[in-house]
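Have a look at the structure below, then the notes.
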Amino acid sequence: MTGLNQQWNVIRQAGSLATLIFFGLTAAVEAQESNGAALLPEMPAAVTNTAAQQRLDHLKFALATARFAANTHDYRQAEKNFLLVLAEDSPDDLQKTALFELGEAVQAEDDLPRAQTIFTQYAQRWSGDIRLPEICLHQGQIFRAMGMNQMALAKFYGVMTTALSMKTEEMAYYKRLVLQAQVEIAETHYLIGKYAEAAEYYGRLMKQEAPDLDMAQIQFRLVRSLVALNRHAEAASQAQDFLLRHADAPEEPEMRYHLAQALKGQNRNAEALEQVMIFLKEEREKTKDQPEVWTYWQQRVGNEIGNQLYQEGDYVKALEVYQTLAKLDPSPAWQLPVNYQVGITYEKLLQTSNAIVAYRSITNAAPTLGTNASPGLRAVADMAQWRLNFLQFQDRAEEFTHLKTAVNTDTSTNSSLSQR
């Protein structure tokens, strides 16, 4: 460890990593070491070979240590050991590996400008290297993370053109990089709102028979793009296919949502409702691994489809959705708004007594809300109280009217009998 510390002191004296990268790391180190070498006496060949092997072993150990530190997210320690490899009179292949993996570590650390500088330095030093397509891929990802989407796209397209120009037997490696670049291009188009281009790329990728592709993610993104374009028929078809192929995927809840919306977008209300009810009644065994995700999407899809049905005047189907939604979450924050929707839907169906029951369940729960209740939740309780008072008054008025009508009828009958 003493030798490592001494060499790290040399690196610190030479300046920071960014300075070394900008002004030529190799040139600086080689100049320093060549000056030192002139002062050394000549050694016998056997001694020189032994020293060279020891130095090589030392460099390989430093590289392995750097990799371990990077894999365990100790990026500062990783950087120190990568710099040791770069600062030594190390073989070219070790320097390439160290500089490339240093760039990956700095990128993982989210120091994006410095990572971009490192990858640029690599491309300039070894312009014909076989890693250049992968360098372009990293640079594209960095540009996109920095919000420079057009430059990111240029780099992703550069992956494909650079890979095609490479003369090597590593065709499987380059094919994987090209496919990944196509995924990144599709994703970039999606992120900047160019959904038609994204859908086209995702559609092309769906036709690939490549085990390295995450087909579930690609089809998921394709459905999202089609939904954004209101291409409901295609979205519904792809969503149904996804649910058949990837029934237990983490994206299943959201895919159920998109399927219901796509069916609704085609005015296939009965099928949309069927999907919603299947979704809302999913067995707890299926949702236990990620209950918060399932609950979120169940509540969202139920609310949106239920509200759409209500606005379209399909109160029977809307009521069915709301009553099922009420079973998802017993908390007042969920129960009060859903029961209010149940109440006003009963009113639309002219079932006043059932509406009164729904509103009363809200007013009975209101005192338990406490002082931490949100203004929105208190507003729901106030509206429910107002609707309840109105309906009760209306009921009393109707009873009075019926009673008055009955009395008038009786009076008229008695008067008629008296005249006889």
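Each chain of the structure tokens is named A, B, ... in the order shown, its residues numbered from 1; ligands are numbered from 1 in display order.
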Requested in this report: May I have the residues within 10 Å of A:His73 as a list of chain:residue names, using only C-alpha atoms and disregarding those fewer than 4 positions away in the same chain?
Outcome: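 Counting only C-alpha atoms, the residues come to A:Arg67, A:Phe68, A:Ala69, A:Gln77, A:Ala78, A:Ala105, A:Ala108, A:Glu109.
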Dump N, CA and C atoms for the selected residues as an mmCIF file, in the first residue's frame?
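Final file, part.cif:
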data_model
loop_
_atom_site.group_PDB
_atom_site.id
_atom_site.type_symbol
_atom_site.label_atom_id
_atom_site.label_comp_id
_atom_site.auth_asym_id
_atom_site.auth_seq_id
_atom_site.Cartn_x
_atom_site.Cartn_y
_atom_site.Cartn_z
ATOM 1 N N ARG A 67 -12.324 -1.579 -10.333
ATOM 2 C CA ARG A 67 -13.576 -2.189 -10.787
ATOM 3 C C ARG A 67 -14.457 -2.589 -9.602
ATOM 4 N N PHE A 68 -13.826 -3.170 -8.591
ATOM 5 C CA PHE A 68 -14.595 -3.562 -7.408
ATOM 6 C C PHE A 68 -15.227 -2.341 -6.746
ATOM 7 N N ALA A 69 -14.449 -1.276 -6.624
ATOM 8 C CA ALA A 69 -14.968 -0.052 -5.999
ATOM 9 C C ALA A 69 -16.123 0.530 -6.826
ATOM 10 N N GLN A 77 -13.050 6.020 -4.589
ATOM 11 C CA GLN A 77 -11.947 5.048 -4.527
ATOM 12 C C GLN A 77 -11.675 4.458 -5.911
ATOM 13 N N ALA A 78 -12.729 4.233 -6.675
ATOM 14 C CA ALA A 78 -12.559 3.706 -8.030
ATOM 15 C C ALA A 78 -11.732 4.666 -8.876
ATOM 16 N N ALA A 105 -17.648 5.113 -14.651
ATOM 17 C CA ALA A 105 -17.812 5.374 -13.221
ATOM 18 C C ALA A 105 -18.230 6.813 -12.960
ATOM 19 N N ALA A 108 -21.817 7.163 -13.950
ATOM 20 C CA ALA A 108 -22.679 6.586 -12.919
ATOM 21 C C ALA A 108 -22.783 7.489 -11.698
ATOM 22 N N GLU A 109 -21.709 8.238 -11.436
ATOM 23 C CA GLU A 109 -21.689 9.181 -10.323
ATOM 24 C C GLU A 109 -22.497 10.438 -10.645
#
Requested in this report: Write out as a list in words the residues lying within 9 Å of A:Gln323, counting only C-alpha atoms and excluding same-chain residues fewer than 3 positions away.
Outcome: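 Counting only the stated atoms, we get Ala318, Leu319, Glu320, Ala326, Lys327, Val338, Asn339 and Val342 of chain A.
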Requested in this report: Tell me, as a list of chain:residue names, which residues lie within 6 Å of stretch 252-263 of chain A, counting only C-alpha atoms; anything in the same chain fewer than 6 positions away does not count.
Outcome: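 Skipping anything fewer than 6 positions along the chain leaves A:His232, A:Ala236, A:Ala239, A:Ala272, A:Gln275, A:Trp294, A:Trp297, A:Val301.
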For the selection you just gave me, I'd like the residues written to a file as a PDB file, in the first residue's frame, keeping N, CA and C atoms.
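Written out: again_19.pdb:
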ATOM      1  N   HIS A 232     -56.098   4.448 -31.164  1.00  0.00           N
ATOM      2  CA  HIS A 232     -56.707   3.580 -30.156  1.00  0.00           C
ATOM      3  C   HIS A 232     -56.753   2.113 -30.577  1.00  0.00           C
ATOM      4  N   ALA A 236     -54.946  -0.729 -28.429  1.00  0.00           N
ATOM      5  CA  ALA A 236     -55.696  -1.815 -27.791  1.00  0.00           C
ATOM      6  C   ALA A 236     -55.151  -3.173 -28.207  1.00  0.00           C
ATOM      7  N   ALA A 239     -51.783  -3.685 -26.502  1.00  0.00           N
ATOM      8  CA  ALA A 239     -51.955  -3.872 -25.054  1.00  0.00           C
ATOM      9  C   ALA A 239     -52.469  -5.273 -24.744  1.00  0.00           C
ATOM     10  N   ALA A 272     -64.606  -1.879 -22.469  1.00  0.00           N
ATOM     11  CA  ALA A 272     -63.785  -1.071 -21.551  1.00  0.00           C
ATOM     12  C   ALA A 272     -64.202  -1.324 -20.113  1.00  0.00           C
ATOM     13  N   GLN A 275     -62.964  -4.655 -18.871  1.00  0.00           N
ATOM     14  CA  GLN A 275     -61.553  -4.603 -18.496  1.00  0.00           C
ATOM     15  C   GLN A 275     -61.363  -3.910 -17.148  1.00  0.00           C
ATOM     16  N   TRP A 294     -50.301  -1.308  -7.800  1.00  0.00           N
ATOM     17  CA  TRP A 294     -51.619  -1.784  -8.222  1.00  0.00           C
ATOM     18  C   TRP A 294     -52.718  -0.853  -7.720  1.00  0.00           C
ATOM     19  N   TRP A 297     -52.896   2.399  -9.852  1.00  0.00           N
ATOM     20  CA  TRP A 297     -53.487   2.253 -11.180  1.00  0.00           C
ATOM     21  C   TRP A 297     -54.945   1.812 -11.113  1.00  0.00           C
ATOM     22  N   VAL A 301     -57.539   4.160 -13.019  1.00  0.00           N
ATOM     23  CA  VAL A 301     -58.352   3.670 -14.127  1.00  0.00           C
ATOM     24  C   VAL A 301     -59.824   3.665 -13.756  1.00  0.00           C
TER      25      VAL A 301
END
Query raised in the report: Which one of A:Tyr296, A:Leu56, A:Tyr322, A:Thr162 sits closest to A:Gln308 if you count only C-alpha atoms?
Result: A:Tyr322
Query raised in the report: Which value, in Å to one decimal, gives the distance between atom CA of A:Ala366 and atom CA of A:Glu304?
Result: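 Taking atom CA of A:Ala366 as the start and atom CA of A:Glu304 as the end point, the length is 25.3 Å.
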Requested in this report: Rounded to one decimal place, report the atom CA of A:Pro337-atom CA of A:Val380 distance in Å.
Outcome: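 Taking atom CA of A:Pro337 as the start and atom CA of A:Val380 as the end point, the length is 6.4 Å.
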Requested in this report: Mind giving me the straight-line distance from atom CA of A:Val321 to atom CA of A:Asn267 in Å, one decimal?
Outcome: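 Atom CA of A:Asn267 lies at a distance of 17.0 Å from atom CA of A:Val321.
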Report task. Skip A:Ala64 itself and residues of its chain fewer than 4 positions away, then list as a list in words all residues within 12 Å of it, counting only C-alpha atoms. Result ->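 Near A:Ala64, the qualifying residues are Asp57, His58, Leu59, Lys60, Phe68, Ala69, Ala70, Asn71, Gln77, Ala78, Asn81, Phe82, Leu84, Val85, Leu94, Thr97, Ala98 and Glu101 of chain A.
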Now that the selection is made, can you save its residues with N, CA and C atoms as a PDB file, in the first residue's frame?
ATOM      1  N   ASP A  57       1.743  -6.555 -12.732  1.00  0.00           N
ATOM      2  CA  ASP A  57       0.859  -7.146 -11.722  1.00  0.00           C
ATOM      3  C   ASP A  57       0.254  -6.054 -10.834  1.00  0.00           C
ATOM      4  N   HIS A  58       1.094  -5.083 -10.513  1.00  0.00           N
ATOM      5  CA  HIS A  58       0.634  -3.961  -9.688  1.00  0.00           C
ATOM      6  C   HIS A  58      -0.495  -3.195 -10.393  1.00  0.00           C
ATOM      7  N   LEU A  59      -0.343  -2.976 -11.701  1.00  0.00           N
ATOM      8  CA  LEU A  59      -1.357  -2.253 -12.479  1.00  0.00           C
ATOM      9  C   LEU A  59      -2.656  -3.053 -12.577  1.00  0.00           C
ATOM     10  N   LYS A  60      -2.512  -4.349 -12.805  1.00  0.00           N
ATOM     11  CA  LYS A  60      -3.700  -5.201 -12.893  1.00  0.00           C
ATOM     12  C   LYS A  60      -4.447  -5.236 -11.562  1.00  0.00           C
ATOM     13  N   PHE A  68     -13.826  -3.170  -8.591  1.00  0.00           N
ATOM     14  CA  PHE A  68     -14.595  -3.562  -7.408  1.00  0.00           C
ATOM     15  C   PHE A  68     -15.227  -2.341  -6.746  1.00  0.00           C
ATOM     16  N   ALA A  69     -14.449  -1.276  -6.624  1.00  0.00           N
ATOM     17  CA  ALA A  69     -14.968  -0.052  -5.999  1.00  0.00           C
ATOM     18  C   ALA A  69     -16.123   0.530  -6.826  1.00  0.00           C
ATOM     19  N   ALA A  70     -15.989   0.507  -8.165  1.00  0.00           N
ATOM     20  CA  ALA A  70     -17.058   1.025  -9.021  1.00  0.00           C
ATOM     21  C   ALA A  70     -18.312   0.182  -8.891  1.00  0.00           C
ATOM     22  N   ASN A  71     -18.160  -1.137  -8.834  1.00  0.00           N
ATOM     23  CA  ASN A  71     -19.315  -2.031  -8.709  1.00  0.00           C
ATOM     24  C   ASN A  71     -20.026  -1.880  -7.376  1.00  0.00           C
ATOM     25  N   GLN A  77     -13.050   6.020  -4.589  1.00  0.00           N
ATOM     26  CA  GLN A  77     -11.947   5.048  -4.527  1.00  0.00           C
ATOM     27  C   GLN A  77     -11.675   4.458  -5.911  1.00  0.00           C
ATOM     28  N   ALA A  78     -12.729   4.233  -6.675  1.00  0.00           N
ATOM     29  CA  ALA A  78     -12.559   3.706  -8.030  1.00  0.00           C
ATOM     30  C   ALA A  78     -11.732   4.666  -8.876  1.00  0.00           C
ATOM     31  N   ASN A  81      -7.946   4.557  -8.189  1.00  0.00           N
ATOM     32  CA  ASN A  81      -7.237   3.400  -8.726  1.00  0.00           C
ATOM     33  C   ASN A  81      -7.192   3.405 -10.247  1.00  0.00           C
ATOM     34  N   PHE A  82      -8.224   3.910 -10.899  1.00  0.00           N
ATOM     35  CA  PHE A  82      -8.164   4.066 -12.352  1.00  0.00           C
ATOM     36  C   PHE A  82      -7.035   5.036 -12.726  1.00  0.00           C
ATOM     37  N   LEU A  84      -4.324   5.564 -11.087  1.00  0.00           N
ATOM     38  CA  LEU A  84      -3.035   4.898 -10.908  1.00  0.00           C
ATOM     39  C   LEU A  84      -2.634   4.157 -12.171  1.00  0.00           C
ATOM     40  N   VAL A  85      -3.587   3.474 -12.791  1.00  0.00           N
ATOM     41  CA  VAL A  85      -3.303   2.741 -14.023  1.00  0.00           C
ATOM     42  C   VAL A  85      -2.935   3.712 -15.135  1.00  0.00           C
ATOM     43  N   LEU A  94      -4.328  -1.669 -21.204  1.00  0.00           N
ATOM     44  CA  LEU A  94      -4.736  -1.344 -19.837  1.00  0.00           C
ATOM     45  C   LEU A  94      -5.169   0.117 -19.729  1.00  0.00           C
ATOM     46  N   THR A  97      -8.673   0.454 -21.205  1.00  0.00           N
ATOM     47  CA  THR A  97      -9.686  -0.088 -20.298  1.00  0.00           C
ATOM     48  C   THR A  97      -9.910   0.839 -19.113  1.00  0.00           C
ATOM     49  N   ALA A  98      -8.808   1.352 -18.542  1.00  0.00           N
ATOM     50  CA  ALA A  98      -8.921   2.220 -17.368  1.00  0.00           C
ATOM     51  C   ALA A  98      -9.653   3.517 -17.704  1.00  0.00           C
ATOM     52  N   GLU A 101     -13.466   2.735 -18.438  1.00  0.00           N
ATOM     53  CA  GLU A 101     -14.230   2.401 -17.236  1.00  0.00           C
ATOM     54  C   GLU A 101     -14.253   3.566 -16.248  1.00  0.00           C
TER      55      GLU A 101
END
Report task. Please provide as an MDAnalysis selection string all residues within 12 Å of A:Asp382, with the sequence filter that same-chain residues fewer than 5 positions apart are discarded (counting only C-alpha atoms). Result -> chainID A and resid 336:337 340 359:360 362:367 375:377 387:389
Selected residues written out with C-alpha atoms, as a PDB file, in the first residue's frame:
ATOM      1  CA  LEU A 336     -65.532  10.100   1.167  1.00  0.00           C
ATOM      2  CA  PRO A 337     -64.939  11.235  -2.462  1.00  0.00           C
ATOM      3  CA  TYR A 340     -69.971  11.258  -2.913  1.00  0.00           C
ATOM      4  CA  TYR A 359     -74.298  11.069   1.781  1.00  0.00           C
ATOM      5  CA  ARG A 360     -75.052  10.085   5.367  1.00  0.00           C
ATOM      6  CA  ILE A 362     -69.916  10.774   4.555  1.00  0.00           C
ATOM      7  CA  THR A 363     -71.431  13.086   7.185  1.00  0.00           C
ATOM      8  CA  ASN A 364     -71.122  10.350   9.829  1.00  0.00           C
ATOM      9  CA  ALA A 365     -67.410   9.986   9.036  1.00  0.00           C
ATOM     10  CA  ALA A 366     -66.721  13.737   8.923  1.00  0.00           C
ATOM     11  CA  PRO A 367     -66.246  14.196  12.714  1.00  0.00           C
ATOM     12  CA  PRO A 375     -59.352  21.328   2.514  1.00  0.00           C
ATOM     13  CA  GLY A 376     -60.532  19.175  -0.389  1.00  0.00           C
ATOM     14  CA  LEU A 377     -61.723  16.423   1.919  1.00  0.00           C
ATOM     15  CA  ARG A 387     -76.928  17.423  -0.603  1.00  0.00           C
ATOM     16  CA  LEU A 388     -78.228  15.428   2.335  1.00  0.00           C
ATOM     17  CA  ASN A 389     -80.126  18.446   3.733  1.00  0.00           C
TER      18      ASN A 389
END
Requested in this report: Could you pull out the residues in stretch 87-243 of chain A that DSSP calls helix (DSSP H, G or I) from the backbone, as an MDAnalysis selection string?
Outcome: chainID A and resid 87 92:108 112:125 132:145 149:165 171:191 195:206 215:228 232:243
Report task. Please provide as a list in words all residues within 8 Å of stretch 171-182 of chain A, with the sequence filter that same-chain residues fewer than 4 positions apart are discarded (counting only C-alpha atoms). Result ->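 Result of the neighbour search: Pro133, Glu134, Leu137, Phe156, Tyr157, Val159, Met160, Ala163, Ala186, Tyr201, Leu205, Asp212 and Leu213 of chain A.
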Please write the residues from the selection above to a file, keeping N, CA and C atoms, as a PDB file, in the first residue's frame.
ATOM      1  N   PRO A 133     -18.043   2.673 -31.037  1.00  0.00           N
ATOM      2  CA  PRO A 133     -19.516   2.658 -31.033  1.00  0.00           C
ATOM      3  C   PRO A 133     -20.092   2.745 -29.619  1.00  0.00           C
ATOM      4  N   GLU A 134     -19.466   2.050 -28.676  1.00  0.00           N
ATOM      5  CA  GLU A 134     -19.952   2.105 -27.295  1.00  0.00           C
ATOM      6  C   GLU A 134     -19.696   3.474 -26.676  1.00  0.00           C
ATOM      7  N   LEU A 137     -22.466   5.599 -27.762  1.00  0.00           N
ATOM      8  CA  LEU A 137     -23.677   5.276 -27.002  1.00  0.00           C
ATOM      9  C   LEU A 137     -23.677   5.995 -25.661  1.00  0.00           C
ATOM     10  N   PHE A 156     -26.447   8.702 -31.074  1.00  0.00           N
ATOM     11  CA  PHE A 156     -27.058   7.376 -31.199  1.00  0.00           C
ATOM     12  C   PHE A 156     -27.014   6.891 -32.652  1.00  0.00           C
ATOM     13  N   TYR A 157     -27.280   7.792 -33.592  1.00  0.00           N
ATOM     14  CA  TYR A 157     -27.127   7.420 -34.995  1.00  0.00           C
ATOM     15  C   TYR A 157     -25.653   7.116 -35.307  1.00  0.00           C
ATOM     16  N   VAL A 159     -23.608   5.620 -33.409  1.00  0.00           N
ATOM     17  CA  VAL A 159     -23.320   4.242 -32.994  1.00  0.00           C
ATOM     18  C   VAL A 159     -23.464   3.309 -34.194  1.00  0.00           C
ATOM     19  N   MET A 160     -24.536   3.492 -34.951  1.00  0.00           N
ATOM     20  CA  MET A 160     -24.817   2.596 -36.083  1.00  0.00           C
ATOM     21  C   MET A 160     -23.805   2.787 -37.206  1.00  0.00           C
ATOM     22  N   ALA A 163     -20.342   1.496 -36.068  1.00  0.00           N
ATOM     23  CA  ALA A 163     -20.288   0.037 -35.975  1.00  0.00           C
ATOM     24  C   ALA A 163     -20.173  -0.598 -37.362  1.00  0.00           C
ATOM     25  N   ALA A 186     -35.524   5.595 -30.097  1.00  0.00           N
ATOM     26  CA  ALA A 186     -36.971   5.558 -29.860  1.00  0.00           C
ATOM     27  C   ALA A 186     -37.326   6.253 -28.547  1.00  0.00           C
ATOM     28  N   TYR A 201     -40.037   3.498 -34.475  1.00  0.00           N
ATOM     29  CA  TYR A 201     -38.841   2.776 -34.032  1.00  0.00           C
ATOM     30  C   TYR A 201     -39.196   1.590 -33.147  1.00  0.00           C
ATOM     31  N   LEU A 205     -38.425  -2.431 -33.765  1.00  0.00           N
ATOM     32  CA  LEU A 205     -37.760  -3.281 -32.769  1.00  0.00           C
ATOM     33  C   LEU A 205     -38.611  -4.493 -32.416  1.00  0.00           C
ATOM     34  N   ASP A 212     -31.367 -10.245 -26.689  1.00  0.00           N
ATOM     35  CA  ASP A 212     -30.819  -9.187 -25.845  1.00  0.00           C
ATOM     36  C   ASP A 212     -31.812  -8.049 -25.625  1.00  0.00           C
ATOM     37  N   LEU A 213     -32.865  -7.982 -26.423  1.00  0.00           N
ATOM     38  CA  LEU A 213     -33.834  -6.897 -26.291  1.00  0.00           C
ATOM     39  C   LEU A 213     -34.854  -7.214 -25.206  1.00  0.00           C
TER      40      LEU A 213
END
